[in-house]
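Quick look at query_18.txt (compact mmCIF, C-alpha atoms):
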# COMPACT_ATOMS: atom_id res chain seq x y z
CA MET B 1 0.00 0.00 0.00
CA ASP B 2 1.35 3.41 -0.98
CA THR B 3 0.86 5.32 2.26
CA LEU B 4 2.76 8.39 3.30
CA TYR B 5 4.28 6.29 6.08
CA ASN B 6 5.60 3.77 3.54
CA ARG B 7 7.00 6.50 1.30
CA ILE B 8 8.74 8.26 4.19
CA GLY B 9 9.94 5.14 5.96
CA SER B 10 10.45 4.33 9.61
CA ASP B 11 14.05 5.58 9.74
CA ASN B 12 13.12 8.99 8.32
CA LEU B 13 10.19 9.21 10.73
CA LYS B 14 12.53 8.56 13.66
CA GLN B 15 14.93 11.20 12.33
CA LEU B 16 12.02 13.64 11.99
CA ILE B 17 10.91 13.08 15.57
CA ASP B 18 14.45 13.49 16.92
CA ALA B 19 14.95 16.74 14.99
CA PHE B 20 11.48 18.02 15.90
CA TYR B 21 11.80 17.44 19.63
CA GLU B 22 15.30 18.86 19.73
CA LEU B 23 13.69 22.10 18.49
CA VAL B 24 10.60 21.79 20.70
CA PHE B 25 12.38 21.02 23.97
CA ALA B 26 14.66 24.04 23.46
CA ASN B 27 11.78 26.34 22.47
CA GLU B 28 10.88 28.85 25.18
CA LYS B 29 7.27 29.20 23.95
CA ILE B 30 6.28 25.54 23.70
CA GLY B 31 9.06 23.65 25.47
CA PRO B 32 7.37 24.07 28.86
CA LEU B 33 4.35 22.12 27.53
CA PHE B 34 6.57 19.03 27.27
CA LEU B 35 7.67 18.31 30.83
CA ASN B 36 7.18 14.53 30.86
CA ASP B 37 9.92 12.01 30.13
CA LYS B 38 11.42 13.13 26.83
CA GLU B 39 12.09 9.63 25.53
CA GLU B 40 8.52 8.60 26.35
CA ILE B 41 7.18 11.66 24.50
CA LYS B 42 9.26 10.79 21.44
CA GLU B 43 8.23 7.13 21.54
CA LYS B 44 4.52 8.01 21.75
CA GLN B 45 4.91 10.49 18.91
CA PHE B 46 6.64 7.84 16.78
CA LEU B 47 3.81 5.38 17.42
CA PHE B 48 1.16 8.03 16.76
CA LEU B 49 2.74 9.34 13.56
CA THR B 50 3.29 5.80 12.28
CA GLN B 51 -0.45 5.24 12.55
CA PHE B 52 -1.47 8.78 11.51
CA LEU B 53 0.57 8.57 8.30
CA GLY B 54 -0.95 5.25 7.24
CA GLY B 55 1.35 2.73 8.88
CA PRO B 56 0.35 -0.01 11.31
CA GLY B 57 -2.03 0.90 14.15
CA VAL B 58 0.69 0.62 16.76
CA TYR B 59 -0.46 3.62 18.81
CA SER B 60 -4.01 2.30 19.20
CA GLU B 61 -2.76 -1.20 19.98
CA ARG B 62 -0.74 0.16 22.89
CA PHE B 63 -2.74 3.13 24.18
CA GLY B 64 -6.23 2.84 22.71
CA HIS B 65 -7.87 5.41 20.45
CA PRO B 66 -5.57 8.45 20.05
CA LYS B 67 -8.21 11.01 21.22
CA MET B 68 -5.56 13.67 20.61
CA ARG B 69 -7.72 16.67 21.51
CA ALA B 70 -8.75 15.13 24.83
CA ARG B 71 -5.15 14.16 25.63
CA HIS B 72 -4.04 17.75 24.99
CA LEU B 73 -6.83 19.49 26.95
CA PRO B 74 -4.85 19.68 30.21
CA HIS B 75 -2.31 21.88 28.40
CA LYS B 76 -2.93 25.51 27.48
CA ILE B 77 -2.46 25.54 23.70
CA THR B 78 -2.78 28.96 22.11
CA LEU B 79 -2.75 30.01 18.45
CA ASP B 80 0.79 31.26 19.03
CA ALA B 81 1.82 27.86 20.43
CA LYS B 82 0.24 26.14 17.43
CA GLU B 83 2.21 28.34 15.03
CA GLU B 84 5.43 27.68 16.94
CA TRP B 85 4.76 23.92 16.88
CA LEU B 86 4.18 24.06 13.12
CA ARG B 87 7.35 26.13 12.64
CA CYS B 88 9.37 23.49 14.51
CA MET B 89 7.74 20.73 12.45
CA ARG B 90 8.55 22.51 9.17
CA MET B 91 12.19 22.99 10.27
CA ALA B 92 12.43 19.33 11.30
CA ILE B 93 10.97 18.14 7.99
CA ASP B 94 13.54 20.26 6.18
CA THR B 95 16.31 18.19 7.83
CA LEU B 96 15.14 15.05 6.01
CA ASP B 97 17.63 15.18 3.15
CA GLN B 98 16.56 11.78 1.81
CA LEU B 99 13.07 13.06 0.98
CA ASP B 100 12.35 15.12 -2.11
CA ASP B 101 10.69 18.52 -1.74
CA THR B 102 7.30 17.27 -2.95
CA LEU B 103 7.21 14.59 -0.27
CA LYS B 104 8.34 17.11 2.37
CA VAL B 105 5.45 19.42 1.44
CA GLU B 106 2.97 16.54 1.47
CA LEU B 107 4.19 15.52 4.91
CA TYR B 108 3.99 19.05 6.31
CA LEU B 109 0.46 19.53 4.99
CA CYS B 110 -0.72 16.70 7.25
CA PHE B 111 -0.17 18.87 10.32
CA PRO B 112 -1.82 22.34 10.14
CA GLN B 113 -5.41 21.10 10.49
CA VAL B 114 -4.52 18.74 13.34
CA ALA B 115 -2.52 21.48 15.09
CA GLN B 116 -5.46 23.87 14.81
CA HIS B 117 -7.71 21.22 16.36
CA MET B 118 -5.44 21.15 19.46
CA VAL B 119 -5.85 24.90 20.15
CA ASN B 120 -7.87 25.28 23.36
CA SER B 121 -6.98 28.73 24.74
As structure tokens, the full file:
Amino acid sequence: MDTLYNRIGSDNLKQLIDAFYELVFANEKIGPLFLNDKEEIKEKQFLFLTQFLGGPGVYSERFGHPKMRARHLPHKITLDAKEEWLRCMRMAIDTLDQLDDTLKVELYLCFPQVAQHMVNS
């Protein structure tokens, strides 16, 4: 099956998550939203994005339905935080030298609507 997950590949997804969280954890605007165990955050994101991008349902198998909005409700997520999150994601995607620009754009475009859905303040 030609899913975005299959076209990106597991190794590139792991590289994306590492680059993304390096930016996020150091970010003064959104870094404070991520106070849990950093490796656990990255692992959950890998499982979620695997499933979200059309790979196996590994997140749901381990944690149940993603319910992303509900899981993010305890955190104050503003429009500014959403834009900062998306900026970090775009920068992280740009580090994926093995992907062509078309695939990078397709990957990025998966996130703005979901990020907007997380805004709760």
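Here CA of Gln116 (chain B) stands at a distance of 19.6 Å from CA of Leu23 (chain B).
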Have a look at B:Ala81, B:Gly64, B:Thr102, B:Ile8 and name the one nearest to Pro32 (chain B); count all atoms listed in the file.
B:Ala81
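Nearest residue to Arg62 (chain B), choosing from B:Glu43, B:Gly31, B:Thr78, B:Arg87 and counting all atoms listed in the file: B:Glu43.
Nearest-residue note for Asp2 (chain B): choosing from B:Leu53, B:Leu99, B:Leu86, B:Met91, the minimum distance belongs to B:Leu53, counting only C-alpha atoms.
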Best match for closeness to Arg90 (chain B) among B:Lys104, B:Leu47, B:Leu13, B:Met1, counting only C-alpha atoms
B:Lys104
